[in-house]
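Below is the file start.csv, which contains CSV, C-alpha atoms and all ligand atoms.
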```csv
chain,number,residue,atom,x,y,z
A,1,MET,CA,-12.2,18.6,-14.2
A,2,MET,CA,-12.9,18.4,-10.4
A,3,VAL,CA,-13.9,15.1,-8.9
A,4,ASP,CA,-16.6,15.4,-6.3
A,5,LEU,CA,-16.5,12.5,-3.8
A,6,GLU,CA,-19.8,13.2,-2.2
A,7,THR,CA,-19.7,10.0,0.0
A,8,ALA,CA,-16.4,11.0,1.8
A,9,LEU,CA,-16.5,11.5,5.5
A,10,PRO,CA,-17.0,13.8,7.3
A,11,TYR,CA,-18.4,15.7,4.2
A,12,PRO,CA,-17.8,15.7,0.5
A,13,PHE,CA,-14.2,15.8,-0.7
A,14,ALA,CA,-13.5,17.6,-4.0
A,15,PHE,CA,-10.1,17.3,-5.8
A,16,ASP,CA,-8.6,18.3,-9.1
A,17,PRO,CA,-6.8,15.2,-10.5
A,18,ALA,CA,-4.2,17.4,-12.2
A,19,LYS,CA,-3.1,18.6,-8.7
A,20,THR,CA,-3.5,15.3,-6.9
A,21,ALA,CA,-0.9,12.6,-6.1
A,22,LEU,CA,-1.3,9.1,-4.6
A,23,VAL,CA,1.0,8.4,-1.7
A,24,VAL,CA,1.4,4.7,-0.8
A,25,ILE,CA,3.0,4.3,2.6
A,26,ASP,CA,5.5,1.6,3.5
A,27,MET,CA,3.9,-1.4,1.7
A,28,GLN,CA,7.2,-3.2,2.4
A,29,ARG,CA,8.1,-6.9,3.0
A,30,ASP,CA,9.4,-5.9,6.4
A,31,PHE,CA,5.9,-4.9,7.6
A,32,ILE,CA,3.7,-7.3,5.6
A,33,GLU,CA,5.6,-10.6,5.3
A,34,ALA,CA,6.6,-13.1,7.9
A,35,GLY,CA,10.1,-12.7,9.1
A,36,GLY,CA,10.2,-9.0,8.9
A,37,PHE,CA,10.4,-6.1,11.3
A,38,GLY,CA,6.6,-6.1,12.0
A,39,GLU,CA,6.7,-9.7,13.1
A,40,THR,CA,9.8,-9.2,15.2
A,41,LEU,CA,7.8,-6.6,17.2
A,42,GLY,CA,5.3,-9.4,18.0
A,43,ASN,CA,2.6,-8.5,15.4
A,44,ASN,CA,0.4,-10.7,13.3
A,45,VAL,CA,1.4,-9.5,9.9
A,46,SER,CA,-1.5,-11.4,8.1
A,47,ARG,CA,-3.8,-8.5,9.3
A,48,LEU,CA,-2.0,-6.2,6.8
A,49,GLN,CA,-2.1,-8.6,3.9
A,50,VAL,CA,-5.8,-8.3,3.4
A,51,ILE,CA,-5.5,-4.8,1.9
A,52,VAL,CA,-3.0,-5.7,-0.8
A,53,PRO,CA,-5.6,-6.3,-3.5
A,54,THR,CA,-7.4,-3.0,-2.8
A,55,VAL,CA,-4.1,-1.1,-2.7
A,56,ALA,CA,-3.2,-2.7,-6.1
A,57,ASP,CA,-6.6,-1.6,-7.5
A,58,LEU,CA,-6.1,1.9,-6.2
A,59,ILE,CA,-2.7,2.2,-7.7
A,60,ALA,CA,-4.0,0.8,-11.0
A,61,LEU,CA,-6.9,3.4,-11.0
A,62,CYS,CA,-4.5,6.3,-10.3
A,63,ARG,CA,-2.1,5.0,-13.1
A,64,THR,CA,-5.1,4.9,-15.5
A,65,LYS,CA,-6.0,8.4,-14.5
A,66,GLY,CA,-2.5,9.6,-15.0
A,67,ILE,CA,-1.9,11.0,-11.6
A,68,ASP,CA,1.5,10.9,-9.8
A,69,VAL,CA,2.0,7.7,-7.8
A,70,ILE,CA,4.5,7.9,-5.0
A,71,HIS,CA,5.7,5.1,-2.8
A,72,THR,CA,7.5,5.4,0.5
A,73,ARG,CA,9.7,3.0,2.4
A,74,GLU,CA,10.7,3.2,6.0
A,75,CYS,CA,14.3,2.3,6.0
A,76,HIS,CA,17.8,3.4,7.1
A,77,LEU,CA,21.2,3.9,5.6
A,78,PRO,CA,23.4,0.8,5.8
A,79,ASP,CA,25.7,2.7,8.3
A,80,LEU,CA,22.6,3.5,10.4
A,81,SER,CA,23.7,7.1,10.7
A,82,ASP,CA,20.1,8.2,10.2
A,83,LEU,CA,18.8,5.9,13.0
A,84,PRO,CA,18.5,7.6,16.4
A,85,ALA,CA,19.3,5.4,19.4
A,86,ALA,CA,15.9,6.3,20.7
A,87,LYS,CA,14.4,4.4,17.7
A,88,ARG,CA,16.9,1.5,17.6
A,89,ASP,CA,16.7,0.7,21.3
A,90,ARG,CA,12.9,1.0,21.8
A,91,GLY,CA,11.0,-2.0,23.0
A,92,VAL,CA,12.1,-5.7,23.1
A,93,PRO,CA,12.0,-6.9,19.4
A,94,SER,CA,13.6,-10.2,18.6
A,95,LEU,CA,15.6,-8.3,15.9
A,96,ARG,CA,16.5,-4.7,16.1
A,97,ILE,CA,16.8,-2.3,13.1
A,98,GLY,CA,20.0,-3.1,11.3
A,99,ASP,CA,20.3,-6.7,12.6
A,100,ALA,CA,20.5,-9.5,10.1
A,101,GLY,CA,17.2,-11.3,9.6
A,102,PRO,CA,15.6,-13.7,7.2
A,103,MET,CA,15.1,-10.9,4.6
A,104,GLY,CA,18.5,-9.3,5.1
A,105,ARG,CA,19.2,-6.5,7.6
A,106,VAL,CA,16.0,-5.2,9.2
A,107,LEU,CA,14.7,-1.9,7.7
A,108,VAL,CA,17.9,-1.1,5.9
A,109,ALA,CA,17.9,0.4,2.4
A,110,GLY,CA,18.8,-2.1,-0.3
A,111,GLU,CA,17.9,-5.2,1.7
A,112,GLU,CA,15.1,-7.5,0.6
A,113,GLY,CA,12.9,-6.7,3.6
A,114,ALA,CA,13.0,-3.0,2.8
A,115,ASN,CA,11.6,-3.6,-0.7
A,116,ILE,CA,8.0,-2.9,-1.6
A,117,ILE,CA,6.1,-6.2,-1.9
A,118,PRO,CA,6.2,-7.5,-5.4
A,119,GLN,CA,2.4,-7.2,-5.9
A,120,LEU,CA,2.7,-3.4,-5.5
A,121,ALA,CA,6.0,-2.9,-7.2
A,122,PRO,CA,6.6,0.7,-8.4
A,123,THR,CA,7.1,1.3,-12.2
A,124,ALA,CA,10.4,2.8,-13.3
A,125,GLN,CA,8.7,6.2,-13.6
A,126,GLU,CA,7.2,6.3,-10.1
A,127,ARG,CA,9.0,8.1,-7.3
A,128,VAL,CA,10.1,6.0,-4.3
A,129,ILE,CA,10.8,8.0,-1.1
A,130,ASP,CA,13.0,6.4,1.5
A,131,LYS,CA,12.2,7.8,4.9
A,132,PRO,CA,14.0,7.4,8.2
A,133,GLY,CA,11.0,8.5,10.3
A,134,LYS,CA,7.3,7.8,10.6
A,135,GLY,CA,6.3,10.8,8.6
A,136,ALA,CA,7.1,10.9,4.9
A,137,PHE,CA,8.0,14.6,4.9
A,138,TYR,CA,10.6,14.3,7.7
A,139,ALA,CA,14.2,14.2,6.2
A,140,THR,CA,13.0,13.5,2.7
A,141,ARG,CA,12.5,15.4,-0.6
A,142,LEU,CA,8.8,14.6,-0.7
A,143,GLY,CA,7.7,18.2,-0.1
A,144,ASP,CA,10.0,19.5,-2.9
A,145,HIS,CA,8.7,16.8,-5.2
A,146,LEU,CA,5.1,17.7,-4.6
A,147,ALA,CA,5.7,21.4,-4.8
A,148,GLY,CA,7.6,20.9,-8.1
A,149,LYS,CA,4.5,19.2,-9.6
A,150,GLY,CA,2.0,21.7,-8.2
A,151,ILE,CA,0.3,19.0,-6.1
A,152,THR,CA,-2.3,20.3,-3.6
A,153,SER,CA,-4.3,17.2,-2.7
A,154,LEU,CA,-3.1,13.7,-1.6
A,155,ILE,CA,-4.8,10.4,-1.7
A,156,ILE,CA,-3.2,8.2,0.9
A,157,ALA,CA,-2.9,4.4,1.4
A,158,GLY,CA,-0.6,2.0,3.2
A,159,VAL,CA,0.5,0.9,6.6
A,160,THR,CA,0.3,1.2,9.4
A,161,THR,CA,-2.8,3.4,9.8
A,162,GLU,CA,-2.0,4.9,13.2
A,163,VAL,CA,1.8,5.1,12.8
A,164,CYS,CA,3.3,6.1,9.5
A,165,VAL,CA,0.0,6.8,7.7
A,166,GLN,CA,-1.4,9.1,10.3
A,167,THR,CA,1.9,10.8,10.9
A,168,THR,CA,2.3,11.5,7.2
A,169,MET,CA,-1.2,12.7,6.9
A,170,ARG,CA,-0.7,15.1,9.8
A,171,GLU,CA,2.5,16.4,8.3
A,172,ALA,CA,0.7,16.9,5.0
A,173,ASN,CA,-2.2,18.7,6.6
A,174,ASP,CA,0.1,21.1,8.4
A,175,ARG,CA,1.8,21.8,5.0
A,176,GLY,CA,-1.6,22.8,3.5
A,177,PHE,CA,-2.4,19.6,1.6
A,178,GLU,CA,-6.0,18.3,1.4
A,179,CYS,CA,-5.8,14.6,2.3
A,180,LEU,CA,-8.1,11.7,1.6
A,181,LEU,CA,-7.3,8.4,3.3
A,182,ILE,CA,-8.7,5.3,1.6
A,183,GLU,CA,-10.2,3.2,4.5
A,184,ASP,CA,-9.8,-0.2,3.0
A,185,ALA,CA,-6.4,0.6,1.5
A,186,THR,CA,-4.9,1.1,5.0
A,187,GLU,CA,-4.5,-1.3,7.9
A,188,SER,CA,-3.0,-1.7,11.3
A,189,TYR,CA,-1.8,-4.6,13.4
A,190,PHE,CA,-4.4,-3.3,15.9
A,191,PRO,CA,-8.1,-3.0,14.7
A,192,ALA,CA,-9.0,-0.6,17.5
A,193,PHE,CA,-6.1,1.8,16.6
A,194,LYS,CA,-7.2,1.8,12.9
A,195,ALA,CA,-10.8,2.6,13.9
A,196,ALA,CA,-9.7,5.4,16.3
A,197,THR,CA,-7.4,6.9,13.7
A,198,LEU,CA,-10.1,7.1,11.1
A,199,GLU,CA,-12.4,8.8,13.6
A,200,MET,CA,-9.8,11.3,14.8
A,201,ILE,CA,-8.7,12.2,11.2
A,202,ARG,CA,-12.2,13.2,10.2
A,203,ALA,CA,-13.4,14.6,13.6
A,204,GLN,CA,-14.1,18.3,14.1
A,205,GLY,CA,-14.9,19.0,10.5
A,206,ALA,CA,-12.0,17.0,8.9
A,207,ILE,CA,-9.4,18.4,11.3
A,208,VAL,CA,-6.7,16.2,9.6
A,209,GLY,CA,-8.6,15.1,6.4
A,210,TRP,CA,-11.2,12.9,4.9
A,211,THR,CA,-11.8,9.2,4.5
A,212,ALA,CA,-13.7,7.1,2.0
A,213,LEU,CA,-13.8,3.5,0.7
A,214,PHE,CA,-12.0,2.6,-2.5
A,215,SER,CA,-15.3,1.7,-4.2
A,216,GLN,CA,-16.6,5.2,-3.4
A,217,LEU,CA,-13.6,6.9,-4.9
A,218,LYS,CA,-13.8,4.7,-8.0
A,219,ASP,CA,-17.5,5.4,-8.4
A,220,ALA,CA,-17.0,9.2,-8.2
A,221,TRP,CA,-14.0,9.3,-10.5
A,222,HIS,CA,-15.5,8.8,-14.0
B,301,LIG,C1,5.7,1.3,11.9
B,301,LIG,C2,4.9,2.1,9.8
B,301,LIG,N1,4.5,0.9,12.3
B,301,LIG,N2,5.2,2.1,8.5
B,301,LIG,N3,5.9,1.8,10.7
B,301,LIG,O1,6.7,1.2,12.7
B,301,LIG,O2,3.8,2.4,10.2
```
Could you show the structure in this file as structure tokens?
Ligand code: C5J
Amino acid sequence: MMVDLETALPYPFAFDPAKTALVVIDMQRDFIEAGGFGETLGNNVSRLQVIVPTVADLIALCRTKGIDVIHTRECHLPDLSDLPAAKRDRGVPSLRIGDAGPMGRVLVAGEEGANIIPQLAPTAQERVIDKPGKGAFYATRLGDHLAGKGITSLIIAGVTTEVCVQTTMREANDRGFECLLIEDATESYFPAFKAATLEMIRAQGAIVGWTALFSQLKDAWH
């Protein structure tokens, strides 16, 4: 049965749970905890921590409803063969990707910092997509996974709103997915960038997709 989320912006968003997946973007220790990549870039990581309970509630709701829950992690192979110099050398972080930090090598698969925070740990059945880019479709099997399951709509959460979340949502939109971003289940190190991203996603008649609060989704999904 279709769920009609009448309070979504910029206009009601309808989805069929049987054809919908939740994609939780990069809720990793490296972005959310002190000592990780986000902090080495000079960011206040406590800004991202406020969404953790809402993301946990969203994941729990989707698990209860039996929809596919997918987690992504931005990270690189230990030999860094999937890390372009343009990404490694950008900016002046105190630690670069691949350097040894307090949570192991920064943004490297298998290291502590690359793991999803324990509060949002995937179950053994849930797919975890490691991605070398900002978008979750680039150089991953996400598209094949969704096609294999007949998924046409995505509910999206995670960090950071204007970087990996927005890039993934734009990639998904171009691939024909109907996307709903949960406003209080995404966050940025920069409040103005989050606000601008929400606006640009739903501008011009949902040119990239829809947004709604978690409570609105929950109320609509009986
Ligand atoms: C960033 C991300 N911000 N997950 N990554 O570098 O948004």
Between CA of Ala34 in chain A and CA of Gly98 in chain A lies a distance of 17.1 Å
Which is closer to ligand LIG 301 (chain B) than all the others in A:Thr161, A:Thr197, A:Thr123, A:Thr186, using only C-alpha atoms and all ligand atoms? A:Thr161
Step by step, measure atom-to-atom distances between ligand LIG 301 (chain B) and each residue using all atoms listed in the file, keep those at most 9 Å, then write them as a PyMOL selection string. chain A and resi 25-28+31+37-38+72-74+133-135+158-167+188-189
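Straight-line separation from CA of Pro132 in chain A to CA of Ile59 in chain A: 23.6 Å.
Contact shell of range 172-179 of chain A at 9 Å (all atoms listed in the file; same-chain neighbours under 5 positions omitted): Phe13, Phe15, Ala136, Phe137, Gly143, Ile151, Thr152, Ser153, Leu154, Ile155, Ile156, Thr167, Ile207, Val208, Gly209, Trp210 and Thr211 of chain A.
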Straight-line distance linking CA of Tyr11 in chain A with CA of Ala220 in chain A, stated in Å to one decimal: 14.1 Å
Identify, on the basis of only C-alpha atoms, every residue whose closest approach to range 109-114 of chain A does not exceed 12 Å; exclude the query and any residue fewer than 3 positions from it along the same chain; express the result as a PDB file with C-alpha atoms, in the coordinates of the input.
```
ATOM      1  CA  ASP A  26       5.500   1.600   3.500  1.00  0.00           C
ATOM      2  CA  MET A  27       3.900  -1.400   1.700  1.00  0.00           C
ATOM      3  CA  GLN A  28       7.200  -3.200   2.400  1.00  0.00           C
ATOM      4  CA  ARG A  29       8.100  -6.900   3.000  1.00  0.00           C
ATOM      5  CA  ASP A  30       9.400  -5.900   6.400  1.00  0.00           C
ATOM      6  CA  PHE A  31       5.900  -4.900   7.600  1.00  0.00           C
ATOM      7  CA  ILE A  32       3.700  -7.300   5.600  1.00  0.00           C
ATOM      8  CA  GLU A  33       5.600 -10.600   5.300  1.00  0.00           C
ATOM      9  CA  ALA A  34       6.600 -13.100   7.900  1.00  0.00           C
ATOM     10  CA  GLY A  35      10.100 -12.700   9.100  1.00  0.00           C
ATOM     11  CA  GLY A  36      10.200  -9.000   8.900  1.00  0.00           C
ATOM     12  CA  PHE A  37      10.400  -6.100  11.300  1.00  0.00           C
ATOM     13  CA  GLY A  38       6.600  -6.100  12.000  1.00  0.00           C
ATOM     14  CA  GLU A  39       6.700  -9.700  13.100  1.00  0.00           C
ATOM     15  CA  THR A  72       7.500   5.400   0.500  1.00  0.00           C
ATOM     16  CA  ARG A  73       9.700   3.000   2.400  1.00  0.00           C
ATOM     17  CA  GLU A  74      10.700   3.200   6.000  1.00  0.00           C
ATOM     18  CA  CYS A  75      14.300   2.300   6.000  1.00  0.00           C
ATOM     19  CA  HIS A  76      17.800   3.400   7.100  1.00  0.00           C
ATOM     20  CA  LEU A  77      21.200   3.900   5.600  1.00  0.00           C
ATOM     21  CA  PRO A  78      23.400   0.800   5.800  1.00  0.00           C
ATOM     22  CA  ASP A  79      25.700   2.700   8.300  1.00  0.00           C
ATOM     23  CA  LEU A  80      22.600   3.500  10.400  1.00  0.00           C
ATOM     24  CA  ASP A  82      20.100   8.200  10.200  1.00  0.00           C
ATOM     25  CA  LEU A  83      18.800   5.900  13.000  1.00  0.00           C
ATOM     26  CA  ILE A  97      16.800  -2.300  13.100  1.00  0.00           C
ATOM     27  CA  GLY A  98      20.000  -3.100  11.300  1.00  0.00           C
ATOM     28  CA  ASP A  99      20.300  -6.700  12.600  1.00  0.00           C
ATOM     29  CA  ALA A 100      20.500  -9.500  10.100  1.00  0.00           C
ATOM     30  CA  GLY A 101      17.200 -11.300   9.600  1.00  0.00           C
ATOM     31  CA  PRO A 102      15.600 -13.700   7.200  1.00  0.00           C
ATOM     32  CA  MET A 103      15.100 -10.900   4.600  1.00  0.00           C
ATOM     33  CA  GLY A 104      18.500  -9.300   5.100  1.00  0.00           C
ATOM     34  CA  ARG A 105      19.200  -6.500   7.600  1.00  0.00           C
ATOM     35  CA  VAL A 106      16.000  -5.200   9.200  1.00  0.00           C
ATOM     36  CA  ILE A 117       6.100  -6.200  -1.900  1.00  0.00           C
ATOM     37  CA  PRO A 118       6.200  -7.500  -5.400  1.00  0.00           C
ATOM     38  CA  VAL A 128      10.100   6.000  -4.300  1.00  0.00           C
ATOM     39  CA  ILE A 129      10.800   8.000  -1.100  1.00  0.00           C
ATOM     40  CA  ASP A 130      13.000   6.400   1.500  1.00  0.00           C
ATOM     41  CA  LYS A 131      12.200   7.800   4.900  1.00  0.00           C
ATOM     42  CA  PRO A 132      14.000   7.400   8.200  1.00  0.00           C
TER      43      PRO A 132
END
```
Find the residues near Leu5 in chain A: any atom within 9 Å, counting only C-alpha atoms, skip ones fewer than 2 places away on the same chain, and give them as a list of chain:residue names. A:Val3, A:Thr7, A:Ala8, A:Tyr11, A:Pro12, A:Phe13, A:Ala14, A:Phe15, A:Ala212, A:Gln216, A:Leu217, A:Asp219, A:Ala220, A:Trp221
Generate a file of the selected residues that holds C-alpha atoms, formatted as an mmCIF file, keeping the file's coordinate frame.
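So the final result, stored in out-v2.cif, reads:
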```
data_model
loop_
_atom_site.group_PDB
_atom_site.id
_atom_site.type_symbol
_atom_site.label_atom_id
_atom_site.label_comp_id
_atom_site.auth_asym_id
_atom_site.auth_seq_id
_atom_site.Cartn_x
_atom_site.Cartn_y
_atom_site.Cartn_z
ATOM 1 C CA VAL A 3 -13.900 15.100 -8.900
ATOM 2 C CA THR A 7 -19.700 10.000 0.000
ATOM 3 C CA ALA A 8 -16.400 11.000 1.800
ATOM 4 C CA TYR A 11 -18.400 15.700 4.200
ATOM 5 C CA PRO A 12 -17.800 15.700 0.500
ATOM 6 C CA PHE A 13 -14.200 15.800 -0.700
ATOM 7 C CA ALA A 14 -13.500 17.600 -4.000
ATOM 8 C CA PHE A 15 -10.100 17.300 -5.800
ATOM 9 C CA ALA A 212 -13.700 7.100 2.000
ATOM 10 C CA GLN A 216 -16.600 5.200 -3.400
ATOM 11 C CA LEU A 217 -13.600 6.900 -4.900
ATOM 12 C CA ASP A 219 -17.500 5.400 -8.400
ATOM 13 C CA ALA A 220 -17.000 9.200 -8.200
ATOM 14 C CA TRP A 221 -14.000 9.300 -10.500
#
```
Nearest to Leu95 in chain A, chosen from A:Leu142, A:Leu58, A:Glu183, A:Leu41, with all atoms listed in the file counted in the distances: A:Leu41
Which is closer to Asp4 in chain A than all the others in A:Ile182, A:Ala139, A:Arg170, A:Lys218, using all atoms listed in the file? A:Lys218
How close does each residue of range 106-134 of chain A get to range 43-56 of chain A, giving the shortest atom pair and distance in Å to one decimal for every residue with an atom at most 10 Å away, counting only C-alpha atoms, sorted by chain and residue number, as CSV?
```
residue,atom,partner,partner_atom,distance
A:Ile117,CA,A:Val52,CA,9.2
A:Gln119,CA,A:Ala56,CA,7.2
A:Leu120,CA,A:Ala56,CA,6.0
A:Ala121,CA,A:Ala56,CA,9.3
```
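Closest approach to His71 in chain A from the set A:Glu6, A:Asp16, A:Glu126, A:Glu199 is made by A:Glu126, with distances taken over all atoms listed in the file.
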Export of range 63-101 of chain A: C-alpha atoms, as a compact mmCIF listing (two decimals), in the first residue's frame:
```txt
# COMPACT_ATOMS: atom_id res chain seq x y z
CA ARG A 63 13.54 -2.08 10.03
CA THR A 64 10.09 -2.44 11.61
CA LYS A 65 8.48 -1.77 8.24
CA GLY A 66 10.74 -4.35 6.61
CA ILE A 67 12.32 -2.05 4.05
CA ASP A 68 15.89 -2.46 2.85
CA VAL A 69 18.37 -0.48 4.99
CA ILE A 70 21.65 0.39 3.28
CA HIS A 71 24.62 2.07 4.95
CA THR A 72 27.47 3.80 3.14
CA ARG A 73 31.01 4.52 4.28
CA GLU A 74 33.37 6.95 2.60
CA CYS A 75 36.69 5.16 2.69
CA HIS A 76 39.60 3.97 0.58
CA LEU A 77 41.51 0.78 -0.04
CA PRO A 78 44.54 0.32 2.24
CA ASP A 79 46.90 0.82 -0.73
CA LEU A 80 45.03 4.06 -1.58
CA SER A 81 44.78 2.99 -5.23
CA ASP A 82 41.24 4.43 -5.33
CA LEU A 83 42.30 7.79 -3.90
CA PRO A 84 43.02 10.44 -6.54
CA ALA A 85 45.82 12.86 -5.70
CA ALA A 86 43.28 15.65 -6.21
CA LYS A 87 41.37 14.34 -3.18
CA ARG A 88 44.38 13.42 -1.03
CA ASP A 89 46.20 16.71 -1.49
CA ARG A 90 43.23 19.08 -1.18
CA GLY A 91 43.36 21.67 1.61
CA VAL A 92 45.55 21.78 4.69
CA PRO A 93 44.18 19.12 7.08
CA SER A 94 46.28 18.16 10.09
CA LEU A 95 46.02 14.55 8.85
CA ARG A 96 45.54 13.48 5.25
CA ILE A 97 43.55 10.46 4.06
CA GLY A 98 45.67 7.37 4.71
CA ASP A 99 47.72 8.96 7.53
CA ALA A 100 47.77 7.28 10.94
CA GLY A 101 45.47 9.05 13.42
```
